[in-house]
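Visitor: The structure file structure-v5.cif (mmCIF, C-alpha atoms) is provided below.
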data_target
#
loop_
_atom_site.group_PDB
_atom_site.id
_atom_site.type_symbol
_atom_site.label_atom_id
_atom_site.label_comp_id
_atom_site.auth_asym_id
_atom_site.auth_seq_id
_atom_site.Cartn_x
_atom_site.Cartn_y
_atom_site.Cartn_z
ATOM 1 C CA MET A 27 68.450 -138.182 33.401
ATOM 2 C CA SER A 28 71.874 -136.525 33.388
ATOM 3 C CA ASP A 29 74.620 -137.267 35.895
ATOM 4 C CA SER A 30 74.114 -133.938 37.685
ATOM 5 C CA GLU A 31 70.361 -134.587 37.987
ATOM 6 C CA LYS A 32 71.050 -138.059 39.423
ATOM 7 C CA ARG A 33 73.444 -136.605 41.959
ATOM 8 C CA LEU A 34 70.947 -133.894 42.929
ATOM 9 C CA GLU A 35 68.212 -136.505 43.444
ATOM 10 C CA SER A 36 70.617 -138.598 45.530
ATOM 11 C CA LEU A 37 71.475 -135.510 47.603
ATOM 12 C CA LYS A 38 67.773 -134.789 48.143
ATOM 13 C CA LYS A 39 67.170 -138.351 49.380
ATOM 14 C CA LYS A 40 70.116 -138.133 51.776
ATOM 15 C CA CYS A 41 68.912 -134.768 53.060
ATOM 16 C CA LYS A 42 65.421 -136.165 53.623
ATOM 17 C CA ILE A 43 66.874 -138.994 55.729
ATOM 18 C CA ALA A 44 69.138 -136.576 57.612
ATOM 19 C CA SER A 45 66.161 -134.297 58.281
ATOM 20 C CA ILE A 46 64.181 -137.195 59.761
ATOM 21 C CA VAL A 47 67.110 -138.302 61.947
ATOM 22 C CA LEU A 48 67.646 -134.734 63.176
ATOM 23 C CA MET A 49 63.941 -134.464 63.992
ATOM 24 C CA VAL A 50 64.279 -137.542 66.200
ATOM 25 C CA PHE A 51 67.255 -135.958 67.979
ATOM 26 C CA LYS A 52 65.353 -132.698 68.314
ATOM 27 C CA VAL A 53 62.504 -134.532 70.059
ATOM 28 C CA LEU A 54 64.960 -136.406 72.312
ATOM 29 C CA PHE A 55 66.704 -133.181 73.344
ATOM 30 C CA GLY A 56 63.305 -131.577 73.989
ATOM 31 C CA ILE A 57 62.306 -134.501 76.223
ATOM 32 C CA THR A 58 65.661 -134.293 78.028
ATOM 33 C CA MET A 59 65.124 -130.586 78.705
ATOM 34 C CA GLY A 60 61.639 -131.286 80.078
ATOM 35 C CA ILE A 61 62.938 -134.030 82.368
ATOM 36 C CA CYS A 62 65.725 -131.723 83.575
ATOM 37 C CA ILE A 63 63.257 -128.960 84.444
ATOM 38 C CA VAL A 64 61.051 -131.362 86.405
ATOM 39 C CA ALA A 65 64.092 -132.856 88.173
ATOM 40 C CA ILE A 66 65.517 -129.414 89.039
ATOM 41 C CA ILE A 67 62.184 -128.385 90.553
ATOM 42 C CA ALA A 68 62.031 -131.689 92.471
ATOM 43 C CA SER A 69 65.600 -131.231 93.776
ATOM 44 C CA ILE A 70 64.696 -127.750 95.028
ATOM 45 C CA VAL A 71 61.397 -128.833 96.586
ATOM 46 C CA LYS A 72 62.920 -131.942 98.191
ATOM 47 C CA ALA A 73 66.274 -130.358 99.083
ATOM 48 C CA ASP A 74 66.055 -131.229 102.780
ATOM 49 C CA ASP A 75 65.227 -134.884 102.028
ATOM 50 C CA ILE A 76 68.061 -135.162 99.513
ATOM 51 C CA ASN A 77 70.559 -133.597 101.919
ATOM 52 C CA LYS A 78 69.452 -135.915 104.771
ATOM 53 C CA GLU A 79 69.609 -138.999 102.558
ATOM 54 C CA PHE A 80 73.052 -138.060 101.331
ATOM 55 C CA ALA A 81 74.271 -137.373 104.871
ATOM 56 C CA ASN A 82 73.090 -140.856 105.899
ATOM 57 C CA GLY A 83 75.118 -142.773 103.350
ATOM 58 C CA GLY A 84 76.059 -140.837 100.273
ATOM 59 C CA ILE A 85 79.400 -139.637 101.602
ATOM 60 C CA GLU A 86 80.718 -143.219 101.761
ATOM 61 C CA ILE A 87 80.254 -143.595 98.008
ATOM 62 C CA PHE A 88 82.288 -140.469 97.315
ATOM 63 C CA GLU A 89 84.973 -141.478 99.824
ATOM 64 C CA GLU A 90 85.411 -144.767 97.950
ATOM 65 C CA MET A 91 85.654 -142.869 94.679
ATOM 66 C CA GLU A 92 88.213 -140.472 96.190
ATOM 67 C CA GLU A 93 90.365 -143.477 97.110
ATOM 68 C CA GLN A 94 90.356 -144.343 93.401
ATOM 69 C CA ASN A 95 91.504 -140.766 92.592
ATOM 70 C CA VAL A 96 88.253 -139.670 90.941
ATOM 71 C CA GLU A 97 88.182 -135.875 90.469
ATOM 72 C CA PHE A 98 85.001 -134.143 91.630
ATOM 73 C CA ARG A 99 84.334 -131.088 89.521
ATOM 74 C CA ALA A 100 81.322 -130.029 87.535
ATOM 75 C CA THR A 101 82.380 -127.832 84.649
ATOM 76 C CA PHE A 102 80.396 -126.055 81.977
ATOM 77 C CA GLY A 103 82.325 -123.363 80.145
ATOM 78 C CA MET A 104 82.971 -120.656 82.708
ATOM 79 C CA LEU A 105 80.995 -122.413 85.484
ATOM 80 C CA SER A 106 83.131 -124.602 87.694
ATOM 81 C CA VAL A 107 81.783 -126.035 90.925
ATOM 82 C CA ASP A 108 83.897 -127.711 93.582
ATOM 83 C CA ILE A 109 81.793 -130.743 94.372
ATOM 84 C CA ASP A 110 83.752 -131.639 97.512
ATOM 85 C CA THR A 111 82.878 -128.261 99.050
ATOM 86 C CA LEU A 112 79.180 -128.698 98.299
ATOM 87 C CA LEU A 113 79.150 -132.212 99.706
ATOM 88 C CA THR A 114 81.015 -131.447 102.933
ATOM 89 C CA SER A 115 78.788 -128.428 103.598
ATOM 90 C CA GLY A 116 75.654 -130.594 103.326
ATOM 91 C CA ASN A 117 74.416 -129.147 100.033
ATOM 92 C CA ALA A 118 73.955 -132.313 97.988
ATOM 93 C CA ALA A 119 70.622 -131.028 96.645
ATOM 94 C CA GLU A 120 72.346 -127.913 95.310
ATOM 95 C CA LEU A 121 74.880 -130.141 93.575
ATOM 96 C CA VAL A 122 72.081 -132.181 91.985
ATOM 97 C CA ALA A 123 70.364 -128.997 90.786
ATOM 98 C CA ILE A 124 73.617 -127.618 89.329
ATOM 99 C CA MET A 125 74.378 -130.839 87.457
ATOM 100 C CA LEU A 126 70.828 -130.978 86.095
ATOM 101 C CA ALA A 127 71.107 -127.318 85.023
ATOM 102 C CA GLU A 128 74.289 -128.210 83.136
ATOM 103 C CA LEU A 129 72.514 -131.058 81.388
ATOM 104 C CA PHE A 130 69.618 -128.722 80.568
ATOM 105 C CA LEU A 131 71.954 -126.122 79.030
ATOM 106 C CA ILE A 132 73.822 -128.716 76.987
ATOM 107 C CA SER A 133 70.505 -130.129 75.770
ATOM 108 C CA LEU A 134 69.257 -126.633 74.935
ATOM 109 C CA PHE A 135 72.392 -125.865 72.896
ATOM 110 C CA ALA A 136 72.071 -129.215 71.119
ATOM 111 C CA PHE A 137 68.358 -128.577 70.449
ATOM 112 C CA ILE A 138 69.135 -125.193 68.870
ATOM 113 C CA VAL A 139 71.992 -126.502 66.727
ATOM 114 C CA VAL A 140 70.026 -129.573 65.619
ATOM 115 C CA SER A 141 67.060 -127.336 64.718
ATOM 116 C CA LEU A 142 69.277 -125.092 62.594
ATOM 117 C CA PHE A 143 70.923 -128.002 60.790
ATOM 118 C CA LYS A 144 67.516 -129.627 60.226
ATOM 119 C CA SER A 145 66.330 -126.428 58.538
ATOM 120 C CA ILE A 146 69.387 -126.622 56.261
ATOM 121 C CA PHE A 147 68.539 -130.183 55.220
ATOM 122 C CA ASP A 148 64.908 -129.157 54.691
ATOM 123 C CA VAL A 149 66.051 -126.480 52.210
ATOM 124 C CA LEU A 150 68.440 -128.915 50.518
ATOM 125 C CA LYS A 151 65.817 -131.647 50.061
ATOM 126 C CA THR A 152 63.492 -129.272 48.189
ATOM 127 C CA GLY A 153 65.969 -127.006 46.413
ATOM 128 C CA THR A 154 67.428 -127.100 42.943
ATOM 129 C CA SER A 155 71.030 -126.534 44.013
ATOM 130 C CA PRO A 156 73.133 -126.926 47.166
ATOM 131 C CA PHE A 157 74.469 -123.433 46.425
ATOM 132 C CA ASP A 158 71.255 -121.495 46.999
ATOM 133 C CA LYS A 159 71.300 -118.069 48.733
ATOM 134 C CA ALA A 160 68.653 -119.152 51.268
ATOM 135 C CA LEU A 161 70.706 -122.209 52.141
ATOM 136 C CA ILE A 162 73.877 -120.189 52.559
ATOM 137 C CA LYS A 163 72.101 -117.816 54.971
ATOM 138 C CA LYS A 164 70.916 -120.791 57.018
ATOM 139 C CA LEU A 165 74.423 -122.260 56.956
ATOM 140 C CA LYS A 166 75.840 -119.032 58.296
ATOM 141 C CA GLY A 167 73.348 -118.970 61.181
ATOM 142 C CA ALA A 168 73.887 -122.646 62.008
ATOM 143 C CA PHE A 169 77.665 -122.316 61.866
ATOM 144 C CA ILE A 170 77.631 -119.265 64.149
ATOM 145 C CA ALA A 171 75.322 -120.991 66.660
ATOM 146 C CA PHE A 172 77.420 -124.171 66.603
ATOM 147 C CA THR A 173 80.634 -122.196 67.082
ATOM 148 C CA ILE A 174 79.173 -120.304 70.048
ATOM 149 C CA CYS A 175 77.996 -123.558 71.632
ATOM 150 C CA MET A 176 81.395 -125.166 71.142
ATOM 151 C CA PHE A 177 83.153 -122.105 72.558
ATOM 152 C CA VAL A 178 80.942 -122.037 75.665
ATOM 153 C CA ILE A 179 81.432 -125.748 76.258
ATOM 154 C CA SER A 180 85.111 -126.110 75.439
ATOM 155 C CA GLY A 181 86.757 -122.726 74.821
ATOM 156 C CA GLY A 182 89.685 -123.153 72.435
ATOM 157 C CA LEU A 183 88.099 -126.023 70.545
ATOM 158 C CA GLY A 184 85.207 -123.679 69.731
ATOM 159 C CA VAL A 185 87.632 -121.242 68.090
ATOM 160 C CA MET A 186 89.120 -124.022 65.947
ATOM 161 C CA VAL A 187 85.662 -125.280 64.970
ATOM 162 C CA GLY A 188 84.631 -121.721 64.140
ATOM 163 C CA LEU A 189 87.605 -121.235 61.807
ATOM 164 C CA PHE A 190 86.895 -124.568 60.095
ATOM 165 C CA LEU A 191 83.207 -123.720 59.605
ATOM 166 C CA TRP A 192 84.106 -120.234 58.365
ATOM 167 C CA CYS A 193 86.205 -121.865 55.619
ATOM 168 C CA ILE A 194 83.357 -124.216 54.695
ATOM 169 C CA TYR A 195 81.007 -121.223 54.571
ATOM 170 C CA GLY A 196 83.472 -119.503 52.201
ATOM 171 C CA ILE A 197 83.438 -122.574 49.955
ATOM 172 C CA PHE A 198 79.640 -122.484 49.784
ATOM 173 C CA GLN A 199 79.705 -118.743 49.013
ATOM 174 C CA TYR A 200 82.131 -119.408 46.170
ATOM 175 C CA GLY A 201 79.941 -122.279 44.942
ATOM 176 C CA GLU A 202 76.930 -119.936 44.939
ATOM 177 C CA VAL A 203 78.836 -117.441 42.762
ATOM 178 C CA LEU A 204 79.885 -120.208 40.352
ATOM 179 C CA GLN A 205 76.293 -121.523 40.256
ATOM 180 C CA ARG A 206 74.949 -118.045 39.475
ATOM 181 C CA GLU A 207 77.544 -117.515 36.726
ATOM 182 C CA SER A 208 76.725 -120.928 35.263
ATOM 183 C CA ASP A 209 73.003 -120.156 35.281
ATOM 184 C CA GLU A 210 73.617 -116.776 33.597
ATOM 185 C CA THR A 211 75.652 -118.336 30.751
ATOM 186 C CA LEU A 212 72.812 -120.773 29.959
#
If you convert what's in this file into structure tokens, what do you get?
Guide:
Amino acid sequence: MSDSEKRLESLKKKCKIASIVLMVFKVLFGITMGICIVAIIASIVKADDINKEFANGGIEIFEEMEEQNVEFRATFGMLSVDIDTLLTSGNAAELVAIMLAELFLISLFAFIVVSLFKSIFDVLKTGTSPFDKALIKKLKGAFIAFTICMFVISGGLGVMVGLFLWCIYGIFQYGEVLQRESDETL
């Protein structure tokens, strides 16, 4: 077995392990999304109970945290909620629903990105080269989805990640051309 064949087999084993790990994360994010949906529905259905319970003692907890200079803001990309306003107006249930919706969206983005990267590792573990056209198409889709998720979550960091991934994509495109030329000379 040549050195390149050994390295390809090693890459396939690593990709198989990565695919399994990503499948576990995919399941965990799916479960998290399901729990969030159930909890959002429960917070809407039981809104009056949540608001009453919070009014009876929940404010003290936040007053103690305010004394320790804890900032109360829920932020997800463009969505920014002033938690103090929701709490003082007696809308604790709305706050719970908003925070659960944020967690749902983050889990959904993670589920999509993990699914795309898993499909990349699935192609790599069965392919004959890491510079395959099908793989490069999947890379492009995964990189675009990941960049969009990063941009929505953190703005400027998403742009930097996008530029970095664009360069990596260019490297894989170049590798595919070199692979094709090498295959044609043999």
Visitor: I want to know what sits within 8 Å of region 143-156 of chain A, based on all atoms listed in the file, with residues of the same chain fewer than 3 positions away left out; could you give that as a PyMOL selection string?
Guide: chain A and resi 34+37-42+44-45+48-49+139-140+160-161+164-165+168
Visitor: Can I get the selection written as an mmCIF file, in the frame of the given file, with C-alpha atoms?
Guide:
data_model
loop_
_atom_site.group_PDB
_atom_site.id
_atom_site.type_symbol
_atom_site.label_atom_id
_atom_site.label_comp_id
_atom_site.auth_asym_id
_atom_site.auth_seq_id
_atom_site.Cartn_x
_atom_site.Cartn_y
_atom_site.Cartn_z
ATOM 1 C CA LEU A 34 70.947 -133.894 42.929
ATOM 2 C CA LEU A 37 71.475 -135.510 47.603
ATOM 3 C CA LYS A 38 67.773 -134.789 48.143
ATOM 4 C CA LYS A 39 67.170 -138.351 49.380
ATOM 5 C CA LYS A 40 70.116 -138.133 51.776
ATOM 6 C CA CYS A 41 68.912 -134.768 53.060
ATOM 7 C CA LYS A 42 65.421 -136.165 53.623
ATOM 8 C CA ALA A 44 69.138 -136.576 57.612
ATOM 9 C CA SER A 45 66.161 -134.297 58.281
ATOM 10 C CA LEU A 48 67.646 -134.734 63.176
ATOM 11 C CA MET A 49 63.941 -134.464 63.992
ATOM 12 C CA VAL A 139 71.992 -126.502 66.727
ATOM 13 C CA VAL A 140 70.026 -129.573 65.619
ATOM 14 C CA ALA A 160 68.653 -119.152 51.268
ATOM 15 C CA LEU A 161 70.706 -122.209 52.141
ATOM 16 C CA LYS A 164 70.916 -120.791 57.018
ATOM 17 C CA LEU A 165 74.423 -122.260 56.956
ATOM 18 C CA ALA A 168 73.887 -122.646 62.008
#
Visitor: Could you tell me which of A:Leu204, A:Met59, A:Ile66, A:Leu189 comes closest to Phe135 (chain A) if we count all atoms listed in the file?
Guide: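 Of all the options, A:Met59 lies closest to Phe135 (chain A).
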Visitor: What gap, in Å, lies between CA of Glu35 (chain A) and CA of Cys193 (chain A)?
Guide: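 A separation of 26.2 Å between them.
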Visitor: Work out how far apart CA of Phe198 (chain A) and CA of Phe157 (chain A) are and give it in Å to one decimal.
Guide: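 One can read the CA of Phe198 (chain A) to CA of Phe157 (chain A) distance as 6.2 Å.
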Visitor: Using all atoms listed in the file, pick whichever of A:Leu191, A:Val50, A:Ile63, A:Ile132 has the shortest atom-to-atom distance to Val178 (chain A).
Guide: A:Ile132
Visitor: Ranking A:Ile179, A:Ala68, A:Gly167, A:Gly184 by minimum distance to Leu129 (chain A) and counting only C-alpha atoms, which one comes first?
Guide: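 Looking at the shortest contact to Leu129 (chain A), the residue is A:Ile179.
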Visitor: What gap, in Å, lies between CA of Ile138 (chain A) and CA of Ser69 (chain A)?
Guide: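 These atoms are spaced 25.9 Å apart.
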Visitor: Got a sec to check which residues sit within 7 Å of (67.9, -134.6, 93.4), counting all atoms listed in the file, and write them as a ChimeraX atom specification?
Guide: /A:65,68-69,76,119,122-123
Visitor: Can you work out which one of A:Ala118, A:Leu142, A:Leu126, A:Ala136 has the shortest atom-to-atom distance to Met176 (chain A), counting all atoms listed in the file?
Guide: A:Ala136
Visitor: Let me have the centre and edge lengths of the axis-aligned box enclosing all listed atoms of region 171-185 of chain A with 6 Å padding on every side, in Å to one decimal, as JSON.
Guide:
{"center_x": 82.5, "center_y": -123.2, "center_z": 71.4, "size_x": 26.4, "size_y": 17.8, "size_z": 21.7}
